[in-house]
>>> print(open('model_21.txt').read())   # compact mmCIF, C-alpha atoms and all ligand atoms
# COMPACT_ATOMS: atom_id res chain seq x y z
CA MET A 1 0.00 0.00 0.00
CA THR A 2 1.17 3.52 -0.71
CA SER A 3 0.78 6.52 1.52
CA THR A 4 -1.58 7.99 -1.08
CA GLU A 5 -4.02 5.16 -0.60
CA ARG A 6 -3.76 5.28 3.22
CA PRO A 7 -2.69 8.89 3.65
CA THR A 8 -2.53 9.35 7.42
CA ALA A 9 -1.58 7.41 10.51
CA TYR A 10 -5.29 7.14 11.23
CA HIS A 11 -5.89 5.41 7.89
CA GLN A 12 -2.83 3.21 8.22
CA ARG A 13 -3.77 1.62 11.54
CA LEU A 14 -7.32 0.53 10.62
CA PRO A 15 -8.06 -3.20 10.07
CA TYR A 16 -9.11 -3.20 6.41
CA GLY A 17 -10.81 -6.36 5.23
CA GLU A 18 -11.58 -7.38 8.81
CA ARG A 19 -14.79 -7.33 10.80
CA VAL A 20 -14.44 -5.28 13.97
CA SER A 21 -16.43 -6.42 16.99
CA ALA A 22 -20.01 -5.23 17.41
CA GLU A 23 -19.63 -5.62 21.17
CA PRO A 24 -19.12 -1.92 22.07
CA VAL A 25 -22.62 -0.98 20.88
CA LEU A 26 -24.60 -4.14 21.78
CA GLY A 27 -27.01 -3.64 24.65
CA GLY A 28 -26.67 0.14 24.58
CA PRO A 29 -29.83 2.19 25.20
CA PHE A 30 -29.78 3.68 21.69
CA PHE A 31 -28.91 0.52 19.76
CA ALA A 32 -31.69 -1.05 17.70
CA PHE A 33 -30.47 -4.64 17.35
CA ASP A 34 -29.60 -7.65 19.46
CA GLY A 35 -28.66 -11.24 18.78
CA ASP A 36 -25.76 -12.39 16.63
CA LEU A 37 -24.63 -9.36 14.68
CA ARG A 38 -21.62 -9.13 12.41
CA VAL A 39 -20.05 -5.83 11.40
CA VAL A 40 -19.31 -5.66 7.65
CA PRO A 41 -15.63 -5.90 6.70
CA LEU A 42 -13.97 -2.47 6.69
CA ALA A 43 -13.40 -1.31 3.11
CA GLU A 44 -10.19 0.36 1.93
CA PRO A 45 -10.27 4.18 1.67
CA VAL A 46 -11.12 5.62 -1.76
CA ILE A 47 -8.80 8.57 -2.34
CA PRO A 48 -9.39 10.82 -4.14
CA GLU A 49 -13.05 10.43 -3.31
CA PRO A 50 -15.54 10.15 -6.19
CA PRO A 51 -17.34 13.46 -6.91
CA ARG A 52 -20.62 14.13 -5.16
CA SER A 53 -23.77 15.18 -7.01
CA GLY A 54 -23.32 18.76 -8.17
CA GLU A 55 -19.51 18.60 -8.19
CA PRO A 56 -17.49 18.67 -11.43
CA GLY A 57 -17.53 15.15 -12.86
CA GLY A 58 -20.40 14.10 -10.60
CA ALA A 59 -24.09 13.60 -11.30
CA PRO A 60 -26.17 16.77 -11.85
CA CYS A 61 -27.26 18.52 -8.65
CA PRO A 62 -30.78 17.22 -7.92
CA THR A 63 -31.80 20.43 -6.13
CA CYS A 64 -30.69 22.72 -8.98
CA THR A 65 -32.24 20.38 -11.56
CA GLU A 66 -35.64 20.38 -9.81
CA PRO A 67 -35.58 23.01 -7.05
CA GLU A 68 -39.08 22.36 -5.71
CA SER A 69 -39.17 18.60 -6.18
CA ALA A 70 -40.61 17.13 -2.96
CA ALA A 71 -40.81 20.65 -1.51
CA ILE A 72 -43.52 21.35 1.08
CA TRP A 73 -42.58 24.98 1.83
CA ALA A 74 -40.45 27.62 0.17
CA ASP A 75 -39.54 31.28 0.40
CA ASP A 76 -37.16 33.42 -1.66
CA ARG A 77 -34.01 31.85 -0.26
CA TRP A 78 -34.86 28.51 1.44
CA ILE A 79 -36.79 25.36 0.53
CA LEU A 80 -37.97 22.59 2.85
CA LYS A 81 -38.31 19.22 1.15
CA ALA A 82 -40.34 16.51 2.86
CA GLY A 83 -42.63 15.19 0.15
CA PHE A 84 -40.80 11.90 -0.07
CA GLU A 85 -42.29 8.44 0.44
CA PRO A 86 -43.49 8.26 4.06
CA THR A 87 -41.18 6.49 6.49
CA GLY A 88 -41.83 5.17 9.98
CA LEU A 89 -41.21 8.66 11.44
CA PRO A 90 -43.84 11.43 11.44
CA MET A 91 -41.49 13.68 9.44
CA VAL A 92 -38.15 13.50 7.65
CA ALA A 93 -37.27 16.81 5.98
CA LEU A 94 -34.43 18.48 4.16
CA LEU A 95 -33.65 22.21 4.37
CA VAL A 96 -31.77 23.61 1.35
CA PRO A 97 -30.87 27.10 0.13
CA ARG A 98 -32.35 27.84 -3.31
CA GLU A 99 -28.94 28.66 -4.71
CA HIS A 100 -26.14 26.13 -5.04
CA PHE A 101 -23.66 26.67 -2.21
CA ARG A 102 -21.55 24.48 0.04
CA LEU A 103 -21.34 25.13 3.77
CA ASP A 104 -17.88 26.68 3.31
CA ASN A 105 -19.00 29.17 0.65
CA LEU A 106 -22.50 29.92 1.94
CA PRO A 107 -22.82 33.72 1.77
CA ALA A 108 -22.80 35.58 5.07
CA GLU A 109 -26.45 36.56 4.72
CA LEU A 110 -27.59 32.93 4.32
CA THR A 111 -25.22 31.76 7.04
CA ALA A 112 -26.78 34.29 9.40
CA GLU A 113 -30.24 32.98 8.50
CA LEU A 114 -29.29 29.34 9.02
CA GLY A 115 -29.59 29.38 12.82
CA PRO A 116 -33.05 30.96 12.79
CA MET A 117 -34.11 28.58 9.98
CA ILE A 118 -33.04 25.53 12.00
CA GLN A 119 -34.96 26.90 14.96
CA ARG A 120 -38.06 27.50 12.81
CA VAL A 121 -38.01 24.08 11.11
CA ALA A 122 -37.40 22.25 14.40
CA GLY A 123 -40.28 24.16 16.00
CA ALA A 124 -42.58 23.54 13.01
CA ILE A 125 -41.94 19.78 13.13
CA ARG A 126 -42.72 19.75 16.85
CA ARG A 127 -46.19 21.09 16.00
CA ILE A 128 -47.00 17.62 14.63
CA ASP A 129 -49.15 15.75 17.11
CA GLY A 130 -47.08 13.29 19.13
CA VAL A 131 -43.64 14.64 18.23
CA ALA A 132 -41.39 15.25 21.24
CA ARG A 133 -38.22 16.54 19.63
CA THR A 134 -36.64 17.35 16.29
CA HIS A 135 -33.20 15.99 15.47
CA PHE A 136 -31.13 17.63 12.72
CA SER A 137 -27.96 16.56 10.93
CA ARG A 138 -25.67 17.86 8.23
CA PHE A 139 -23.92 14.96 6.46
CA GLY A 140 -23.08 16.42 3.04
CA ASP A 141 -21.67 13.21 1.61
CA GLY A 142 -24.21 12.71 -1.17
CA SER A 143 -24.80 16.12 -2.74
CA GLU A 144 -22.60 19.22 -2.80
CA HIS A 145 -25.66 21.50 -2.55
CA PHE A 146 -25.80 22.41 1.15
CA HIS A 147 -28.56 20.57 2.98
CA VAL A 148 -29.60 19.85 6.56
CA TRP A 149 -31.71 16.80 7.49
CA PHE A 150 -34.46 16.97 10.12
CA PHE A 151 -36.03 13.94 11.82
CA ALA A 152 -39.11 13.95 14.07
CA ARG A 153 -38.63 11.88 17.25
CA PRO A 154 -42.00 10.52 18.45
CA ALA A 155 -42.97 11.32 22.05
CA GLY A 156 -42.21 8.65 24.61
CA LEU A 157 -40.27 6.35 22.29
CA MET A 158 -37.10 6.56 24.33
CA GLN A 159 -35.33 3.81 22.33
CA LEU A 160 -35.41 6.16 19.33
CA ARG A 161 -33.22 8.77 21.00
CA GLY A 162 -29.74 9.17 19.62
CA PRO A 163 -28.04 8.50 16.30
CA LEU A 164 -30.26 5.65 15.06
CA LEU A 165 -33.46 7.71 14.78
CA SER A 166 -33.35 7.83 10.98
CA LEU A 167 -32.74 4.08 10.85
CA TRP A 168 -35.82 3.49 13.01
CA GLY A 169 -37.68 5.36 10.30
CA ASP A 170 -36.84 2.52 7.93
CA LEU A 171 -37.72 -0.17 10.48
CA LEU A 172 -41.08 1.00 11.87
CA PRO A 173 -44.41 0.71 9.98
CA HIS A 174 -44.61 3.60 7.56
CA VAL A 175 -46.95 6.51 8.32
CA PRO A 176 -50.19 6.27 6.26
CA VAL A 177 -50.18 8.65 3.28
CA GLU A 178 -53.11 10.79 4.47
CA GLU A 179 -51.60 11.25 7.95
CA PHE A 180 -48.26 12.06 6.33
CA ARG A 181 -49.90 14.77 4.19
CA THR A 182 -51.47 16.26 7.30
CA ASN A 183 -48.04 16.34 8.91
CA THR A 184 -46.52 18.17 5.93
CA ARG A 185 -49.34 20.72 6.03
CA THR A 186 -48.78 21.27 9.76
CA VAL A 187 -45.08 21.96 9.20
CA ALA A 188 -45.55 24.15 6.11
CA THR A 189 -48.29 26.20 7.79
CA ALA A 190 -46.10 26.80 10.85
CA LEU A 191 -43.20 27.99 8.66
CA THR A 192 -45.52 30.27 6.70
CA GLU A 193 -46.26 32.25 9.86
CA HIS A 194 -42.88 33.93 9.32
CA SER A 195 -42.25 33.75 5.55
CA GLY A 196 -42.87 31.78 2.38
CA THR A 197 -45.76 29.58 1.30
CA PRO A 198 -46.75 25.91 1.48
CA VAL A 199 -46.03 24.11 -1.82
CA GLY A 200 -46.46 20.64 -3.26
CA ILE A 201 -48.47 18.16 -1.21
CA ALA A 202 -48.57 20.62 1.70
CA ALA A 203 -50.44 23.16 -0.44
CA GLY A 204 -53.27 20.81 -1.46
ZN ZN B 301 -27.41 22.62 -6.53
>>> encode(input="model_21.txt", output="structure tokens", more="lines below")
Ligand SMILES: [Zn+2]
Amino acid sequence: MTSTERPTAYHQRLPYGERVSAEPVLGGPFFAFDGDLRVVPLAEPVIPEPPRSGEPGGAPCPTCTEPESAAIWADDRWILKAGFEPTGLPMVALLVPREHFRLDNLPAELTAELGPMIQRVAGAIRRIDGVARTHFSRFGDGSEHFHVWFFARPAGLMQLRGPLLSLWGDLLPHVPVEEFRTNTRTVATALTEHSGTPVGIAAG
């Protein structure tokens, strides 16, 4: 192996091709599985990384191609997308700026709005009946267009706290379509109190 393929001491000491033990997470309060679990073998690093959507050489940016696809609310600068197939959570949503920026080149004006937008979206999702808390995450590994994920954590389901909330959304029975539409309207209407309008399935 060359240093290019495993560029740092961190990369060089990892057990590629091996299965690390699942033991550290088994039985934890936030872990969703028990029984005989095997961790997948650790894959070699891919450096340079393949381009993300919206990067030169990558697939077209899905947000710039269809800005209001799956959108439930929009104003002049921000779009909230949640009109996806329902999952097992009351709401999974994606906040994006209309224009194509990364986090590191987001203009100062949009950066200053980001905190208030997170507060507004989290509060709007908590308006859904039976939602205790709103989680949010910025991963950024799929598309270059800046985006923040929001996940509704149902009240009282204490096993769903922590990092596996989105995975529980895949495991639990999916929310019926009509209830899901009601949830999108609740969120879009709450956001509209400050700016913008409901769009897509939230506008019907
Ligand atoms: Zn874009």
>>> atom_distance(input="model_21.txt", atom1="atom CA of Val199 of chain A", atom2="atom CA of Asp75 of chain A")
9.9 Å
>>> closest_atom_pairs(input="model_21.txt", of="chain A", to="ligand ZN 301 (chain B)", cutoff="10 Å", atoms="all atoms listed in the file", output="CSV")
residue,atom,partner,partner_atom,distance
A:Ser53,CA,B:ZN301,ZN,8.3
A:Gly54,CA,B:ZN301,ZN,5.9
A:Glu55,CA,B:ZN301,ZN,9.0
A:Pro60,CA,B:ZN301,ZN,8.0
A:Cys61,CA,B:ZN301,ZN,4.6
A:Pro62,CA,B:ZN301,ZN,6.5
A:Thr63,CA,B:ZN301,ZN,4.9
A:Cys64,CA,B:ZN301,ZN,4.1
A:Thr65,CA,B:ZN301,ZN,7.3
A:Glu66,CA,B:ZN301,ZN,9.1
A:Pro67,CA,B:ZN301,ZN,8.2
A:Val96,CA,B:ZN301,ZN,9.1
A:Pro97,CA,B:ZN301,ZN,8.7
A:Arg98,CA,B:ZN301,ZN,7.9
A:Glu99,CA,B:ZN301,ZN,6.5
A:His100,CA,B:ZN301,ZN,4.0
A:Phe101,CA,B:ZN301,ZN,7.0
A:Arg102,CA,B:ZN301,ZN,9.0
A:Ser143,CA,B:ZN301,ZN,8.0
A:Glu144,CA,B:ZN301,ZN,7.0
A:His145,CA,B:ZN301,ZN,4.5
A:Phe146,CA,B:ZN301,ZN,7.8
A:His147,CA,B:ZN301,ZN,9.8
>>> atom_distance(input="model_21.txt", atom1="atom CA of Met91 of chain A", atom2="atom CA of Phe180 of chain A")
7.6 Å
>>> atom_distance(input="model_21.txt", atom1="atom CA of Glu113 of chain A", atom2="atom CA of Asn183 of chain A")
24.4 Å
>>> residues_around(input="model_21.txt", residues="Gly28 of chain A", least_positions_apart="6", cutoff="12 Å", atoms="all atoms listed in the file", output="list in words")
Ala22, Asp34, Gln159, Leu160, Arg161, Gly162, Pro163 and Leu164 of chain A
